[in-house]
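Peer 1: What follows is the file query_9.pdb, containing PDB, C-alpha atoms:
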```
MODEL        1
ATOM      1  CA  MET A  28      15.027  84.054 171.521
ATOM      2  CA  ASN A  29      18.114  84.174 173.769
ATOM      3  CA  ARG A  30      20.376  84.843 170.825
ATOM      4  CA  LEU A  31      18.101  87.609 169.578
ATOM      5  CA  ALA A  32      18.283  89.241 173.008
ATOM      6  CA  ALA A  33      22.081  88.839 173.053
ATOM      7  CA  GLY A  34      22.374  90.340 169.576
ATOM      8  CA  PHE A  35      24.538  87.622 168.034
ATOM      9  CA  CYS A  36      24.989  83.907 167.523
ATOM     10  CA  ASP A  37      27.894  81.649 166.634
ATOM     11  CA  VAL A  38      27.756  79.116 163.815
ATOM     12  CA  VAL A  39      30.084  76.378 162.637
ATOM     13  CA  ASN A  40      30.826  76.140 158.939
ATOM     14  CA  PRO A  41      30.018  72.486 158.053
ATOM     15  CA  TYR A  42      32.780  72.542 155.444
ATOM     16  CA  GLY A  43      35.949  72.879 157.472
ATOM     17  CA  GLY A  44      34.618  73.709 160.933
ATOM     18  CA  ARG A  45      35.444  77.423 161.010
ATOM     19  CA  VAL A  46      33.457  79.329 163.644
ATOM     20  CA  LEU A  47      31.709  82.498 162.515
ATOM     21  CA  ARG A  48      29.967  85.062 164.683
ATOM     22  CA  VAL A  49      26.792  86.490 163.123
ATOM     23  CA  SER A  50      25.258  89.719 164.352
ATOM     24  CA  LEU A  51      21.519  89.621 165.019
ATOM     25  CA  SER A  52      21.176  93.316 165.870
ATOM     26  CA  SER A  53      18.492  95.273 164.078
ATOM     27  CA  GLU A  54      21.154  97.550 162.598
ATOM     28  CA  ASP A  55      22.933  94.654 160.895
ATOM     29  CA  VAL A  56      20.013  92.444 159.822
ATOM     30  CA  SER A  57      18.111  93.380 156.665
ATOM     31  CA  GLY A  58      15.631  90.548 157.153
ATOM     32  CA  VAL A  59      15.211  87.003 158.430
ATOM     33  CA  VAL A  60      14.036  83.902 156.583
ATOM     34  CA  PHE A  61      12.917  80.970 158.712
ATOM     35  CA  TRP A  62      12.525  77.369 157.524
ATOM     36  CA  THR A  63      10.192  75.113 159.482
ATOM     37  CA  ARG A  64       7.811  72.174 159.438
ATOM     38  CA  ASN A  65       5.930  73.613 162.407
ATOM     39  CA  PRO A  66       5.830  77.358 163.116
ATOM     40  CA  ALA A  67       3.354  77.005 166.010
ATOM     41  CA  PRO A  68       5.911  76.809 168.877
ATOM     42  CA  PHE A  69       7.691  79.928 167.627
ATOM     43  CA  VAL A  70       4.803  82.383 167.784
ATOM     44  CA  GLU A  71       6.586  84.457 170.428
ATOM     45  CA  GLY A  72       9.723  84.444 168.319
ATOM     46  CA  PHE A  73       7.964  85.888 165.285
ATOM     47  CA  ALA A  74       6.447  88.598 167.482
ATOM     48  CA  ALA A  75       9.868  89.440 168.950
ATOM     49  CA  VAL A  76      11.405  89.799 165.478
ATOM     50  CA  ALA A  77       8.464  91.921 164.298
ATOM     51  CA  ALA A  78       8.777  94.150 167.366
ATOM     52  CA  ARG A  79      12.320  95.002 166.271
ATOM     53  CA  ARG A  80      10.935  96.117 162.905
ATOM     54  CA  VAL A  81      12.961  93.419 161.142
ATOM     55  CA  PRO A  82      11.002  91.927 158.237
ATOM     56  CA  PHE A  83      10.790  88.153 158.121
ATOM     57  CA  VAL A  84       9.518  85.439 155.814
ATOM     58  CA  VAL A  85       8.635  81.929 156.944
ATOM     59  CA  GLN A  86       9.220  79.061 154.529
ATOM     60  CA  VAL A  87       6.806  76.370 155.731
ATOM     61  CA  THR A  88       7.066  72.821 154.406
ATOM     62  CA  LEU A  89       3.689  71.083 154.178
ATOM     63  CA  THR A  90       3.430  67.878 152.158
ATOM     64  CA  GLY A  91       0.876  65.579 153.800
ATOM     65  CA  TYR A  92       3.133  62.551 153.293
ATOM     66  CA  PRO A  93       2.372  59.187 154.934
ATOM     67  CA  ARG A  94       3.981  58.523 158.311
ATOM     68  CA  LEU A  95       6.345  56.046 156.703
ATOM     69  CA  LEU A  96       8.037  59.071 155.107
ATOM     70  CA  GLU A  97       7.437  61.673 157.823
ATOM     71  CA  GLN A  98       7.433  60.235 161.327
ATOM     72  CA  SER A  99       6.807  63.270 163.508
ATOM     73  CA  THR A 100       5.525  66.155 161.399
ATOM     74  CA  PRO A 101       2.443  68.000 162.684
ATOM     75  CA  ASP A 102      -1.097  67.271 161.601
ATOM     76  CA  VAL A 103      -1.883  68.890 158.238
ATOM     77  CA  GLU A 104      -5.197  70.450 159.290
ATOM     78  CA  ARG A 105      -3.580  71.950 162.374
ATOM     79  CA  MET A 106      -0.794  73.468 160.286
ATOM     80  CA  ILE A 107      -3.275  74.974 157.836
ATOM     81  CA  ALA A 108      -5.027  76.667 160.766
ATOM     82  CA  VAL A 109      -1.684  77.992 162.035
ATOM     83  CA  LEU A 110      -0.809  79.390 158.611
ATOM     84  CA  ARG A 111      -4.162  81.125 158.339
ATOM     85  CA  GLU A 112      -3.534  82.825 161.675
ATOM     86  CA  MET A 113      -0.035  83.858 160.575
ATOM     87  CA  ARG A 114      -1.544  85.313 157.410
ATOM     88  CA  ARG A 115      -3.912  87.358 159.568
ATOM     89  CA  LEU A 116      -1.102  88.612 161.805
ATOM     90  CA  TYR A 117       1.672  89.247 159.301
ATOM     91  CA  GLY A 118       0.052  89.747 155.923
ATOM     92  CA  PRO A 119       0.001  87.984 152.565
ATOM     93  CA  HIS A 120       3.741  88.020 151.836
ATOM     94  CA  ALA A 121       5.217  86.640 155.066
ATOM     95  CA  ILE A 122       4.642  82.937 154.283
ATOM     96  CA  VAL A 123       5.866  80.730 151.453
ATOM     97  CA  TRP A 124       4.421  77.226 151.143
ATOM     98  CA  ARG A 125       7.025  74.597 150.302
ATOM     99  CA  TYR A 126       5.710  71.407 148.775
ATOM    100  CA  ASP A 127       9.109  69.801 148.750
ATOM    101  CA  PRO A 128      10.956  67.643 148.350
ATOM    102  CA  ILE A 129       8.750  65.711 145.956
ATOM    103  CA  VAL A 130       9.495  62.048 146.651
ATOM    104  CA  ILE A 131       8.214  59.390 144.265
ATOM    105  CA  THR A 132       7.613  56.080 146.040
ATOM    106  CA  ASN A 133       5.167  53.185 145.919
ATOM    107  CA  TYR A 134       3.163  55.101 148.561
ATOM    108  CA  THR A 135       3.451  58.474 146.797
ATOM    109  CA  PRO A 136       3.445  57.926 143.015
ATOM    110  CA  LEU A 137       3.211  60.806 140.558
ATOM    111  CA  GLU A 138      -0.604  60.779 140.574
ATOM    112  CA  TRP A 139      -0.684  60.909 144.382
ATOM    113  CA  HIS A 140       1.135  64.242 144.352
ATOM    114  CA  ILE A 141      -1.414  65.780 142.001
ATOM    115  CA  VAL A 142      -4.315  64.827 144.275
ATOM    116  CA  VAL A 143      -2.663  65.870 147.552
ATOM    117  CA  ALA A 144      -1.093  69.083 146.245
ATOM    118  CA  GLU A 145      -4.454  70.187 144.860
ATOM    119  CA  ARG A 146      -6.152  69.526 148.202
ATOM    120  CA  LEU A 147      -3.512  71.493 150.080
ATOM    121  CA  ALA A 148      -3.533  74.353 147.559
ATOM    122  CA  ARG A 149      -7.286  74.741 147.892
ATOM    123  CA  ALA A 150      -6.979  74.875 151.677
ATOM    124  CA  LEU A 151      -4.246  77.530 151.409
ATOM    125  CA  THR A 152      -6.017  79.738 148.874
ATOM    126  CA  GLY A 153      -5.780  83.327 150.082
ATOM    127  CA  VAL A 154      -3.199  82.347 152.704
ATOM    128  CA  VAL A 155      -0.032  82.115 150.586
ATOM    129  CA  ASP A 156       0.904  83.456 147.165
ATOM    130  CA  GLU A 157       3.828  81.160 146.337
ATOM    131  CA  MET A 158       4.221  77.389 146.154
ATOM    132  CA  THR A 159       7.861  76.275 146.033
ATOM    133  CA  VAL A 160       8.684  72.772 144.854
ATOM    134  CA  SER A 161      11.728  70.608 144.190
ATOM    135  CA  PHE A 162      12.417  66.932 143.597
ATOM    136  CA  MET A 163      14.350  64.911 146.130
ATOM    137  CA  GLN A 164      18.048  64.723 145.374
ATOM    138  CA  PRO A 165      19.550  61.223 145.690
ATOM    139  CA  TYR A 166      22.161  61.976 148.329
ATOM    140  CA  ARG A 167      23.804  58.811 149.643
ATOM    141  CA  LYS A 168      22.536  59.246 153.203
ATOM    142  CA  THR A 169      19.007  59.867 151.920
ATOM    143  CA  VAL A 170      18.973  56.869 149.589
ATOM    144  CA  ARG A 171      20.376  54.704 152.373
ATOM    145  CA  ARG A 172      17.513  55.585 154.738
ATOM    146  CA  LEU A 173      14.896  55.141 152.018
ATOM    147  CA  ALA A 174      16.283  51.697 151.251
ATOM    148  CA  ALA A 175      16.126  50.764 154.939
ATOM    149  CA  ALA A 176      12.475  51.809 155.336
ATOM    150  CA  HIS A 177      10.404  48.622 155.487
ATOM    151  CA  GLY A 178       8.016  48.207 152.554
ATOM    152  CA  LEU A 179       9.112  51.422 150.834
ATOM    153  CA  THR A 180      10.462  51.570 147.291
ATOM    154  CA  TRP A 181      11.733  54.795 145.755
ATOM    155  CA  ARG A 182      12.663  55.883 142.266
ATOM    156  CA  ASP A 183      14.045  58.994 140.613
ATOM    157  CA  PRO A 184      11.688  59.858 137.707
ATOM    158  CA  SER A 185      12.955  60.961 134.330
ATOM    159  CA  ASN A 186      13.140  64.671 133.588
ATOM    160  CA  ASP A 187      10.188  64.303 131.214
ATOM    161  CA  GLU A 188       8.088  62.831 134.029
ATOM    162  CA  LYS A 189       9.198  65.573 136.364
ATOM    163  CA  ARG A 190       8.329  68.295 133.865
ATOM    164  CA  ALA A 191       4.893  66.783 133.265
ATOM    165  CA  LEU A 192       4.217  66.806 137.017
ATOM    166  CA  LEU A 193       5.494  70.371 137.301
ATOM    167  CA  GLU A 194       3.075  71.494 134.591
ATOM    168  CA  ARG A 195       0.174  69.983 136.554
ATOM    169  CA  LEU A 196       1.376  71.535 139.800
ATOM    170  CA  ASP A 197       1.707  74.860 138.013
ATOM    171  CA  GLU A 198      -1.942  74.643 136.971
ATOM    172  CA  ILE A 199      -2.947  73.746 140.527
ATOM    173  CA  ALA A 200      -1.006  76.666 142.005
ATOM    174  CA  PHE A 201      -2.363  79.119 139.436
ATOM    175  CA  ALA A 202      -5.940  78.043 140.142
ATOM    176  CA  SER A 203      -5.400  78.860 143.820
ATOM    177  CA  GLY A 204      -3.864  82.281 143.181
ATOM    178  CA  MET A 205      -0.273  81.152 143.705
ATOM    179  CA  ARG A 206       2.916  81.272 141.689
ATOM    180  CA  LEU A 207       4.829  78.015 141.325
ATOM    181  CA  THR A 208       8.588  78.300 141.806
ATOM    182  CA  LEU A 209      11.215  75.587 141.411
ATOM    183  CA  CYS A 210      14.111  75.464 143.869
ATOM    184  CA  ALA A 211      17.603  75.101 142.331
ATOM    185  CA  GLN A 212      16.819  72.552 139.599
ATOM    186  CA  PRO A 213      17.474  74.504 136.384
ATOM    187  CA  ALA A 214      17.478  71.408 134.159
ATOM    188  CA  LEU A 215      13.703  71.225 134.599
ATOM    189  CA  THR A 216      12.992  74.762 133.384
ATOM    190  CA  GLY A 217      14.844  74.444 130.067
ATOM    191  CA  SER A 218      13.618  74.719 126.504
ATOM    192  CA  GLU A 219      12.520  71.078 126.258
ATOM    193  CA  THR A 220       9.036  72.084 127.360
ATOM    194  CA  ALA A 221       6.708  74.973 126.614
ATOM    195  CA  THR A 222       7.530  78.130 128.528
ATOM    196  CA  PRO A 223       6.058  77.550 131.987
ATOM    197  CA  ARG A 224       4.663  80.069 134.422
ATOM    198  CA  PHE A 225       6.982  78.841 137.158
ATOM    199  CA  VAL A 226      10.476  80.243 137.591
ATOM    200  CA  SER A 227      13.503  79.563 139.786
ATOM    201  CA  ALA A 228      12.697  80.051 143.443
ATOM    202  CA  ARG A 229      14.320  82.779 145.493
ATOM    203  CA  CYS A 230      14.136  81.347 148.985
ATOM    204  CA  ILE A 231      16.160  84.297 150.307
ATOM    205  CA  ASP A 232      14.201  86.948 148.439
ATOM    206  CA  HIS A 233      14.956  90.621 148.993
ATOM    207  CA  GLY A 234      11.875  91.509 146.938
ATOM    208  CA  ARG A 235       9.536  89.590 149.226
ATOM    209  CA  LEU A 236      11.259  90.984 152.304
ATOM    210  CA  SER A 237      10.766  94.470 150.834
ATOM    211  CA  LEU A 238       7.036  93.793 150.490
ATOM    212  CA  VAL A 239       6.843  92.615 154.101
ATOM    213  CA  ALA A 240       8.817  95.631 155.335
ATOM    214  CA  ASP A 241       6.987  98.075 153.054
ATOM    215  CA  ARG A 242      10.349  99.575 152.181
ATOM    216  CA  SER A 243      13.192  98.720 149.845
ATOM    217  CA  ILE A 244      15.589  96.044 151.069
ATOM    218  CA  VAL A 245      18.962  96.310 149.341
ATOM    219  CA  GLU A 246      20.069  93.049 147.783
ATOM    220  CA  ARG A 247      23.578  91.680 147.802
ATOM    221  CA  ARG A 248      24.499  88.802 145.486
ATOM    222  CA  ARG A 249      27.237  86.221 145.534
ATOM    223  CA  GLY A 250      28.090  83.101 143.590
ATOM    224  CA  ASN A 251      25.392  80.518 144.228
ATOM    225  CA  ARG A 252      25.062  76.914 143.119
ATOM    226  CA  PRO A 253      23.494  76.456 139.656
ATOM    227  CA  GLY A 254      19.830  77.395 139.617
ATOM    228  CA  CYS A 255      19.873  79.180 142.975
ATOM    229  CA  ALA A 256      18.588  82.762 142.676
ATOM    230  CA  CYS A 257      18.831  83.651 146.367
ATOM    231  CA  SER A 258      20.128  86.922 147.724
ATOM    232  CA  GLU A 259      23.231  86.758 149.896
ATOM    233  CA  SER A 260      22.588  85.596 153.438
ATOM    234  CA  ARG A 261      24.142  84.027 156.522
ATOM    235  CA  ASP A 262      22.876  80.572 157.477
ATOM    236  CA  ILE A 263      22.651  80.130 161.252
ATOM    237  CA  GLY A 264      21.237  76.597 161.176
ATOM    238  CA  ALA A 265      23.160  73.370 161.700
ATOM    239  CA  TYR A 266      23.116  69.857 160.340
ATOM    240  CA  ASP A 267      21.954  66.977 162.556
ATOM    241  CA  THR A 268      19.698  69.059 164.801
ATOM    242  CA  CYS A 269      16.163  68.230 163.588
ATOM    243  CA  THR A 270      14.393  65.346 165.347
ATOM    244  CA  GLN A 271      11.304  64.974 163.148
ATOM    245  CA  GLY A 272      12.706  61.921 161.412
ATOM    246  CA  CYS A 273      11.768  62.414 157.748
ATOM    247  CA  VAL A 274      13.414  59.538 155.897
ATOM    248  CA  TYR A 275      14.249  61.693 152.860
ATOM    249  CA  CYS A 276      16.036  64.403 154.881
ATOM    250  CA  TYR A 277      19.446  65.490 153.587
ATOM    251  CA  ALA A 278      20.282  67.616 156.655
ATOM    252  CA  VAL A 279      20.394  64.718 159.120
ATOM    253  CA  ALA A 280      22.898  61.930 158.555
ATOM    254  CA  LYS A 281      21.969  59.959 161.674
ATOM    255  CA  PRO A 282      18.618  60.608 163.400
ATOM    256  CA  GLU A 283      20.038  59.343 166.692
ATOM    257  CA  ASP A 284      22.737  62.049 166.557
ATOM    258  CA  ALA A 285      20.042  64.685 166.084
ATOM    259  CA  ARG A 286      18.110  63.352 169.081
ATOM    260  CA  LEU A 287      21.253  63.441 171.214
ATOM    261  CA  ALA A 288      22.004  67.006 170.103
ATOM    262  CA  TYR A 289      18.481  68.062 170.984
ATOM    263  CA  ARG A 290      18.465  66.419 174.418
ATOM    264  CA  GLY A 291      21.897  67.874 175.199
ATOM    265  CA  GLY A 292      21.119  71.320 173.847
ATOM    266  CA  ASP A 293      22.079  74.332 175.932
ATOM    267  CA  PHE A 294      19.678  77.203 175.347
ATOM    268  CA  ASN A 295      22.172  79.610 176.907
ATOM    269  CA  SER A 296      24.882  78.688 174.410
ATOM    270  CA  SER A 297      25.743  81.008 171.562
ATOM    271  CA  PHE A 298      25.713  77.920 169.288
ATOM    272  CA  LEU A 299      22.748  75.903 168.094
ATOM    273  CA  LYS A 300      25.181  72.979 167.882
ATOM    274  CA  PRO A 301      28.622  73.674 169.372
ATOM    275  CA  PRO A 302      31.743  72.468 167.568
ATOM    276  CA  LYS A 303      33.172  69.144 168.729
ATOM    277  CA  SER A 304      36.333  70.825 169.985
ATOM    278  CA  LEU A 305      34.304  73.010 172.352
ATOM    279  CA  LEU A 306      32.292  70.042 173.617
ATOM    280  CA  GLN A 307      35.470  68.063 174.241
ATOM    281  CA  ASN A 308      36.967  70.943 176.224
ATOM    282  CA  GLN A 309      33.775  71.264 178.271
ATOM    283  CA  ASN A 310      33.714  67.534 178.971
ATOM    284  CA  SER A 311      37.371  67.593 180.013
ATOM    285  CA  ALA A 312      36.749  70.538 182.330
ATOM    286  CA  SER A 313      33.729  68.841 183.904
ATOM    287  CA  ARG A 314      35.785  65.791 184.800
ATOM    288  CA  PHE A 315      38.043  67.952 186.963
ATOM    289  CA  THR A 316      35.318  70.069 188.553
TER     290      THR A 316
ENDMDL
END
```
Let me see the file written as structure tokens.
Peer 2:
Amino acid sequence: MNRLAAGFCDVVNPYGGRVLRVSLSSEDVSGVVFWTRNPAPFVEGFAAVAARRVPFVVQVTLTGYPRLLEQSTPDVERMIAVLREMRRLYGPHAIVWRYDPIVITNYTPLEWHIVVAERLARALTGVVDEMTVSFMQPYRKTVRRLAAAHGLTWRDPSNDEKRALLERLDEIAFASGMRLTLCAQPALTGSETATPRFVSARCIDHGRLSLVADRSIVERRRGNRPGCACSESRDIGAYDTCTQGCVYCYAVAKPEDARLAYRGGDFNSSFLKPPKSLLQNQNSASRFT
């Protein structure tokens, strides 16, 4: 909210550490896409963005996983109620439901996902029109935390198993008036299976933003990773800042670092997470003050 009022924010490129200033003025922003596990605390923020006539879309992750996988995520029923209210306030195109990442464990086998996804889809019928999915990628930091979780075993299913699950999830989404989209995993939409109804997800989607704005949003494209169909954007998030403690998270290397960043956060800073060089300079200055 402070950065929106200031009209800009500063972000640190995680690959090299370069600092970039990003304008948040209404003249420079075509639209905003938020990612969250819990939109409830940001109700005032959505209203502030809407008041500036800047269209926004909220990508909300809702999986219903056991606490062994998700330590601090909000109650599912409460989140469904929040999403219904957001649908009432901002219309049918402002929310995308993310059922991802799909994690196959001894607590959440393939069949478990069919049952839970169908229950969630029924509850969200008429609330969202898109269900975005992806399978967990075996990043080293993710696999390390999964291996350390007591009593949890994880496996990466074969592509055939993944496609079979996607076909079932596609049927579930279709039955609830949703389109199933797959985020940046093109190997699973190939010719090995019958032509599915689901397509590659566009998480940054100028078409959806245009529907929210009720006017045409001009798209810019750039080279994306394979399978990513997103429009060009500027990411103002930061790694190691979320404290919800999901064991499969790729964006947090050390949960304790995220907790420290949160407790030491400065809401008046132009950074969500300042670069280390800036923090070191501040600490040095404080020692002589």
Peer 1: Could you check the closest approach to A:Phe298 for each of A:Val46, A:Ala175, A:Val87, A:Met106 and tell me which residue wins, using only C-alpha atoms?
Peer 2: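 Among the listed residues, the smallest separation from A:Phe298 belongs to A:Val46.
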Peer 1: In Å, with one decimal, what is the gap from atom CA of A:Pro93 to atom CA of A:Ala285?
Peer 2: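 Between atom CA of A:Pro93 and atom CA of A:Ala285 the gap is 21.6 Å.
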Peer 1: Within 12 Å of (20.7, 77.0, 160.2) in the file's own coordinates, which protein, DNA or RNA residues have an atom, counting all atoms listed in the file? List them as a count of residues only.
Peer 2: 26
Peer 1: Between A:Gly234, A:Gly254, A:Pro165, A:Pro301, which has the minimum distance to A:Ala211 (counting all atoms listed in the file)?
Peer 2: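 Smallest separation from A:Ala211 among the options: A:Gly254.
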Peer 1: Let me know the residues the PyMOL selection byres ((chain A and resi 83) around 9) catches in the file above, as a ChimeraX atom specification.
Peer 2: /A:58-61,73,76-77,81-82,84-85,121-122,236,239-240
Peer 1: Smallest atom-to-atom distance to A:Leu215: which of A:Glu259, A:Asp187, A:Asp197, A:Asp232, using only C-alpha atoms?
Peer 2: A:Asp187
Peer 1: Can you measure atom CA of A:Ser258 to atom CA of A:Gly153 for me? One decimal in Å is fine.
Peer 2: 26.3 Å
Peer 1: For A:Leu95, please output as a list in words all residues within 9 Å (counting only C-alpha atoms; exclusion window: fewer than 4 positions along the same chain).
Peer 2: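 The neighbour list is Tyr134, Ala176, His177, Leu179, Cys273 and Val274 of chain A.
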Peer 1: So how many Å separate atom CA of A:Lys168 and atom CA of A:Ala228, to one decimal?
Peer 2: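 If I compute the distance from atom CA of A:Lys168 to atom CA of A:Ala228, I get 25.0 Å.
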Peer 1: Determine the residue membership of the PyMOL selection byres ((chain A and resi 162) around 7) for the file above and supply it as a list of chain:residue names.
Peer 2: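 Output of the PyMOL selection byres ((chain A and resi 162) around 7): A:Asp127, A:Pro128, A:Ile129, A:Val130, A:Ser161, A:Met163, A:Gln164.
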Peer 1: So, with all atoms listed in the file as the atoms that count, which of A:Gln271, A:Asn133, A:Thr159, A:Asn186 lies closest to A:Arg229?
Peer 2: A:Thr159
Peer 1: To test your reading of the syntax: which residues would the PyMOL selection byres ((chain A and resi 156) around 9) return for the file shown? Reply as a list in words.
Peer 2: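 After applying the PyMOL selection byres ((chain A and resi 156) around 9), what remains is Pro119, His120, Ile122, Val123, Trp124, Leu151, Thr152, Gly153, Val154, Val155, Glu157, Met158, Ala200, Ser203, Gly204, Met205, Arg206 and Leu207 of chain A.
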Peer 1: Return the single residue from A:Arg105, A:Arg247, A:Arg149, A:Arg111 that is closest to A:Ala202, with distances computed using all atoms listed in the file.
Peer 2: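 Once distances to A:Ala202 are computed over all atoms listed in the file, the minimum belongs to A:Arg149.
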Peer 1: Enclose all atoms of stretch 94-99 of chain A listed in the file in an axis-aligned box, grow every side by 6 Å, and hand back centre and edge lengths in Å to one decimal, as AutoDock Vina command-line options.
Peer 2:
```
--center_x 6.0 --center_y 59.7 --center_z 159.3 --size_x 16.1 --size_y 19.2 --size_z 20.4
```
Peer 1: I need the residue nearest A:Ala150 from this list: A:Glu104, A:Glu112, A:Glu97, A:Asp284. Use all atoms listed in the file for the distance.
Peer 2: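 Once distances to A:Ala150 are computed over all atoms listed in the file, the minimum belongs to A:Glu104.
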Peer 1: Quick one: residues within 9 Å of (19.0, 56.5, 140.9) (file frame), counting all atoms listed in the file, please, as a ChimeraX atom specification.
Peer 2: /A:165,170,181-184
Peer 1: Starting from the block above, write stretch 75-98 of chain A out to a file with N, CA and C atoms, as a PDB file, in the first residue's frame, please.
Peer 2:
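Saved as selection-v3.pdb:
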```pdb
ATOM      1  N   ALA A  75      -7.799  -0.352  -3.253  1.00  0.00           N
ATOM      2  CA  ALA A  75      -6.953   0.785  -3.642  1.00  0.00           C
ATOM      3  C   ALA A  75      -6.526   0.679  -5.099  1.00  0.00           C
ATOM      4  N   VAL A  76      -6.188  -0.533  -5.547  1.00  0.00           N
ATOM      5  CA  VAL A  76      -5.814  -0.732  -6.950  1.00  0.00           C
ATOM      6  C   VAL A  76      -7.014  -0.463  -7.856  1.00  0.00           C
ATOM      7  N   ALA A  77      -8.182  -0.987  -7.465  1.00  0.00           N
ATOM      8  CA  ALA A  77      -9.394  -0.785  -8.262  1.00  0.00           C
ATOM      9  C   ALA A  77      -9.758   0.693  -8.349  1.00  0.00           C
ATOM     10  N   ALA A  78      -9.534   1.427  -7.270  1.00  0.00           N
ATOM     11  CA  ALA A  78      -9.866   2.857  -7.262  1.00  0.00           C
ATOM     12  C   ALA A  78      -9.017   3.639  -8.248  1.00  0.00           C
ATOM     13  N   ARG A  79      -7.854   3.123  -8.583  1.00  0.00           N
ATOM     14  CA  ARG A  79      -6.987   3.768  -9.576  1.00  0.00           C
ATOM     15  C   ARG A  79      -7.318   3.331 -10.997  1.00  0.00           C
ATOM     16  N   ARG A  80      -8.376   2.543 -11.129  1.00  0.00           N
ATOM     17  CA  ARG A  80      -8.825   2.040 -12.427  1.00  0.00           C
ATOM     18  C   ARG A  80      -7.734   1.218 -13.111  1.00  0.00           C
ATOM     19  N   VAL A  81      -6.971   0.488 -12.305  1.00  0.00           N
ATOM     20  CA  VAL A  81      -5.971  -0.451 -12.800  1.00  0.00           C
ATOM     21  C   VAL A  81      -6.546  -1.852 -12.657  1.00  0.00           C
ATOM     22  N   PRO A  82      -6.735  -2.575 -13.757  1.00  0.00           N
ATOM     23  CA  PRO A  82      -7.295  -3.922 -13.640  1.00  0.00           C
ATOM     24  C   PRO A  82      -6.324  -4.868 -12.937  1.00  0.00           C
ATOM     25  N   PHE A  83      -6.867  -5.794 -12.173  1.00  0.00           N
ATOM     26  CA  PHE A  83      -6.012  -6.767 -11.505  1.00  0.00           C
ATOM     27  C   PHE A  83      -6.659  -8.145 -11.541  1.00  0.00           C
ATOM     28  N   VAL A  84      -5.797  -9.142 -11.477  1.00  0.00           N
ATOM     29  CA  VAL A  84      -6.203 -10.543 -11.374  1.00  0.00           C
ATOM     30  C   VAL A  84      -5.485 -11.134 -10.171  1.00  0.00           C
ATOM     31  N   VAL A  85      -6.183 -11.963  -9.418  1.00  0.00           N
ATOM     32  CA  VAL A  85      -5.592 -12.594  -8.244  1.00  0.00           C
ATOM     33  C   VAL A  85      -5.484 -14.099  -8.484  1.00  0.00           C
ATOM     34  N   GLN A  86      -4.273 -14.604  -8.507  1.00  0.00           N
ATOM     35  CA  GLN A  86      -4.019 -16.028  -8.622  1.00  0.00           C
ATOM     36  C   GLN A  86      -3.982 -16.592  -7.198  1.00  0.00           C
ATOM     37  N   VAL A  87      -4.998 -17.374  -6.848  1.00  0.00           N
ATOM     38  CA  VAL A  87      -5.135 -17.875  -5.483  1.00  0.00           C
ATOM     39  C   VAL A  87      -4.868 -19.376  -5.457  1.00  0.00           C
ATOM     40  N   THR A  88      -3.867 -19.777  -4.688  1.00  0.00           N
ATOM     41  CA  THR A  88      -3.552 -21.196  -4.540  1.00  0.00           C
ATOM     42  C   THR A  88      -4.399 -21.788  -3.422  1.00  0.00           C
ATOM     43  N   LEU A  89      -5.130 -22.845  -3.751  1.00  0.00           N
ATOM     44  CA  LEU A  89      -5.980 -23.538  -2.783  1.00  0.00           C
ATOM     45  C   LEU A  89      -5.896 -25.025  -3.085  1.00  0.00           C
ATOM     46  N   THR A  90      -5.279 -25.776  -2.175  1.00  0.00           N
ATOM     47  CA  THR A  90      -5.036 -27.199  -2.429  1.00  0.00           C
ATOM     48  C   THR A  90      -5.667 -28.126  -1.401  1.00  0.00           C
ATOM     49  N   GLY A  91      -5.861 -27.651  -0.168  1.00  0.00           N
ATOM     50  CA  GLY A  91      -6.417 -28.525   0.864  1.00  0.00           C
ATOM     51  C   GLY A  91      -5.468 -29.611   1.329  1.00  0.00           C
ATOM     52  N   TYR A  92      -4.160 -29.385   1.196  1.00  0.00           N
ATOM     53  CA  TYR A  92      -3.174 -30.389   1.584  1.00  0.00           C
ATOM     54  C   TYR A  92      -3.151 -30.587   3.105  1.00  0.00           C
ATOM     55  N   PRO A  93      -2.678 -31.757   3.548  1.00  0.00           N
ATOM     56  CA  PRO A  93      -2.489 -31.978   4.990  1.00  0.00           C
ATOM     57  C   PRO A  93      -1.461 -31.019   5.564  1.00  0.00           C
ATOM     58  N   ARG A  94      -1.527 -30.791   6.867  1.00  0.00           N
ATOM     59  CA  ARG A  94      -0.621 -29.855   7.528  1.00  0.00           C
ATOM     60  C   ARG A  94       0.835 -30.280   7.427  1.00  0.00           C
ATOM     61  N   LEU A  95       1.089 -31.553   7.229  1.00  0.00           N
ATOM     62  CA  LEU A  95       2.463 -31.993   7.054  1.00  0.00           C
ATOM     63  C   LEU A  95       3.102 -31.348   5.833  1.00  0.00           C
ATOM     64  N   LEU A  96       2.277 -31.009   4.835  1.00  0.00           N
ATOM     65  CA  LEU A  96       2.769 -30.359   3.620  1.00  0.00           C
ATOM     66  C   LEU A  96       2.622 -28.846   3.671  1.00  0.00           C
ATOM     67  N   GLU A  97       1.570 -28.370   4.309  1.00  0.00           N
ATOM     68  CA  GLU A  97       1.298 -26.930   4.386  1.00  0.00           C
ATOM     69  C   GLU A  97       1.065 -26.566   5.847  1.00  0.00           C
ATOM     70  N   GLN A  98       2.047 -25.945   6.471  1.00  0.00           N
ATOM     71  CA  GLN A  98       1.993 -25.736   7.914  1.00  0.00           C
ATOM     72  C   GLN A  98       1.048 -24.615   8.332  1.00  0.00           C
TER      73      GLN A  98
END
```
